[in-house]
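The block underneath contains the structure these notes are about, expressed in C-alpha cells.
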Amino acid sequence: MNKVIINKYVIRTDCNDDNILNDLVQTLRKYNVKAYNYKVEFLRDKVSVRVIRGNAVLNLSNLYIKELEDILRESEELYTTRFGIEFHNIPSKREILDKLESTELPYSKVDVFKDKVKIRTVNGFTLIDETNLEATYYLSLILDKVNLKPFNVGRIKKVKDMRALLLLKYYGVRDLELIEKLIDLDLRIEDNEIIIGDITIGERGILKKDKEVSKKELYELVKVNK
C-alpha cells in the first residue's frame, strides 16, 4: 500500500503503474474535482473519493475510472441552505434538489441513492422514500401537525391519509401494504389514536374492547373487509 501525491491529490493506492495513476488524476482535473482534503483511494483498480459539487457531496466508492468519469460528467453543482445532500454513486442532479425544496421539511440530512432517498430531519425523524419523493412531499405537509416524538418512520409511500400512515408506523404497524389497506377501511383518528370499528391502535398498543390483540388480527380484519 502506497501513498502517492500527484497534482495535490493524495492517493492511497496499491497500483504501481504511473500511467494509470496519471489517467486517474487527469480525469479528476478534467472535471475540476475538489475532493475532501484532496484525498483519493485507488485500490484494486477502483476509485473511492468524496467530491464537492457546490455545497452538495458526491460519495463515490469502488468505481472504475470510466464509471467515475460518467458520473462526474453528468453531475451538476448544487447550492442549498435547507439540506445537507450526499449523492451515492450517482450524479448530483438539480431535479432531486427541486423536489426536496418543494416540500415543507425542516433542515434535513439527505442521502440519495440510485433507487431510494434517505432523509433525517433536524428534529430527528428518519424516513426512506422512492426517488420521486412524492410521499415525502405529502408527509412534510402534516409532519409538524402531528404531536409525536421523533422516530424512525422507515419506508413510506403516498396514501390517502398520510397522518394515519405516520401514526400507524409510530404505534408499530410497519407493513406498508397493511397500512394502505387499513386506511382504505375508513378508519378515523381521535386524540392521535387510530380507530377501526372496535379496534383502537395507540400508545397502549392494539386493543379490541380494551383487550390486546395481535397484528395477525389486523391482517384478518383486512381480509374480512375485502
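Simple scheme: letters A, B, ... for chains in C-alpha cells order, numbers from 1 for residues in each chain, numbers from 1 for ligands in the order shown.
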
Shell of 12 Å around A:Arg82, only C-alpha atoms, local chain residues under 6 positions omitted, as a short mmCIF file (atom, residue, chain, number, x, y, z; two decimals) with C-alpha atoms, in the first residue's frame:
data_model
loop_
_atom_site.label_atom_id
_atom_site.label_comp_id
_atom_site.auth_asym_id
_atom_site.auth_seq_id
_atom_site.Cartn_x
_atom_site.Cartn_y
_atom_site.Cartn_z
CA ASN A 55 -22.32 22.51 -1.39
CA ALA A 56 -23.55 19.02 -2.22
CA LEU A 97 -33.00 19.19 -5.03
CA ASP A 98 -36.04 20.85 -6.63
CA LEU A 100 -36.80 18.39 -1.82
CA GLU A 101 -37.19 22.16 -1.82
CA SER A 102 -40.85 21.83 -2.84
CA THR A 103 -41.53 20.06 0.47
CA GLU A 104 -42.09 21.64 3.85
CA LEU A 105 -39.37 19.63 5.54
CA PRO A 106 -37.16 21.39 8.08
CA TYR A 107 -33.39 21.25 7.56
CA SER A 108 -32.52 17.64 6.83
CA LYS A 109 -29.59 15.39 6.05
CA VAL A 110 -30.36 13.65 2.77
CA THR A 121 -34.79 15.79 9.72
CA VAL A 122 -33.10 18.15 12.14
#

request  = Using DSSP on the backbone, list every residue of stretch 21-137 of chain A that comes out as strand (DSSP E), and give them as an NGL selection string.
outcome  = :A and (34-35 or 39-43 or 46-53 or 56-63 or 83-88 or 108-112 or 117-121 or 126-129)

Exercise for review: Please identify all polymer residues within 12 Å of A:Lys157, counting only C-alpha atoms, omitting same-chain residues fewer than 4 positions from it, and present them as an MDAnalysis selection string.
Suggested key: chainID A and resid 116 127:139 153 161:162 165:166 169 174:177 179:180

Go ahead and write the residues just picked, C-alpha atoms, as a PDB file, in the first residue's frame.
ATOM      1  CA  LYS A 116     -34.116   5.447  -2.824  1.00  0.00           C
ATOM      2  CA  LEU A 127     -37.598   8.071   6.547  1.00  0.00           C
ATOM      3  CA  ILE A 128     -36.931   6.340   3.237  1.00  0.00           C
ATOM      4  CA  ASP A 129     -38.749   7.230   0.040  1.00  0.00           C
ATOM      5  CA  GLU A 130     -38.523   6.499  -3.657  1.00  0.00           C
ATOM      6  CA  THR A 131     -36.552   8.961  -5.761  1.00  0.00           C
ATOM      7  CA  ASN A 132     -39.715  10.697  -6.970  1.00  0.00           C
ATOM      8  CA  LEU A 133     -40.142  11.925  -3.354  1.00  0.00           C
ATOM      9  CA  GLU A 134     -43.909  12.088  -3.813  1.00  0.00           C
ATOM     10  CA  ALA A 135     -44.656  10.534  -0.421  1.00  0.00           C
ATOM     11  CA  THR A 136     -42.128  12.817   1.266  1.00  0.00           C
ATOM     12  CA  TYR A 137     -43.886  15.870  -0.131  1.00  0.00           C
ATOM     13  CA  TYR A 138     -47.267  14.862   1.281  1.00  0.00           C
ATOM     14  CA  LEU A 139     -45.802  13.687   4.594  1.00  0.00           C
ATOM     15  CA  VAL A 153     -40.529   6.140  10.180  1.00  0.00           C
ATOM     16  CA  ASP A 161     -54.179   9.704   4.709  1.00  0.00           C
ATOM     17  CA  MET A 162     -50.526  10.465   5.459  1.00  0.00           C
ATOM     18  CA  LEU A 165     -49.641   6.327   7.959  1.00  0.00           C
ATOM     19  CA  LEU A 166     -47.412   8.236  10.367  1.00  0.00           C
ATOM     20  CA  LYS A 169     -45.886   3.500  11.910  1.00  0.00           C
ATOM     21  CA  ARG A 174     -44.763  -1.124   9.782  1.00  0.00           C
ATOM     22  CA  ASP A 175     -46.075  -3.099   6.794  1.00  0.00           C
ATOM     23  CA  LEU A 176     -46.895  -0.539   4.083  1.00  0.00           C
ATOM     24  CA  GLU A 177     -49.321  -2.848   2.315  1.00  0.00           C
ATOM     25  CA  ILE A 179     -51.203   0.245   6.368  1.00  0.00           C
ATOM     26  CA  GLU A 180     -52.687   1.113   2.992  1.00  0.00           C
TER      27      GLU A 180
END

(message) Could you go through chain A and tell me which residues DSSP, when run on the backbone, assigns to alpha helix (DSSP H), listing them as an NGL selection string?
(response) :A and (18-30 or 65-74 or 94-101 or 134-140 or 162-170 or 176-183 or 215-224)

query = Which residues come within 8 Å of A:Leu43, counting only C-alpha atoms, excluding same-chain residues fewer than 4 positions away, as number ranges by chain?
reply = A: 12-15, 47

Residue neighbourhood A:Glu69, 12 Å, only C-alpha atoms, exclusion window fewer than 6 positions, as JSON, numbers by chain:
{"A": [23, 24, 25, 26, 27, 28, 29, 30, 31, 32, 33, 47, 60, 63, 75, 89, 90, 91]}

Taken to one decimal, the atom CA of A:Asp45-atom CA of A:Glu67 distance is 11.7 Å

One decimal place gives the atom CA of A:Ser61-atom CA of A:Arg155 separation as 24.7 Å

May I ask which of the residues A:Leu141, A:Val10, A:Ala35, A:Ile20 is the closest one to A:Tyr64, counting only C-alpha atoms?
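Among the listed residues, A:Ile20 lies closest to A:Tyr64.
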
Practice problem: Go ahead and compute the interatomic distance for atom CA of A:Asn19 and atom CA of A:Asp70, in Å to one decimal. | Solution: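 Calculated distance between atom CA of A:Asn19 and atom CA of A:Asp70 is 20.1 Å.
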
Counting only C-alpha atoms, the residue among A:Ile206, A:Ile96, A:Val159, A:Leu185 that lies closest to A:Val173 is A:Ile206

Given only C-alpha atoms as the basis, pick out the residue of A:Leu58, A:Ile195, A:Ile52, A:Ile71 nearest to A:His88.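 Of A:Leu58, A:Ile195, A:Ile52, A:Ile71, the one nearest A:His88 is A:Leu58, counting only C-alpha atoms.
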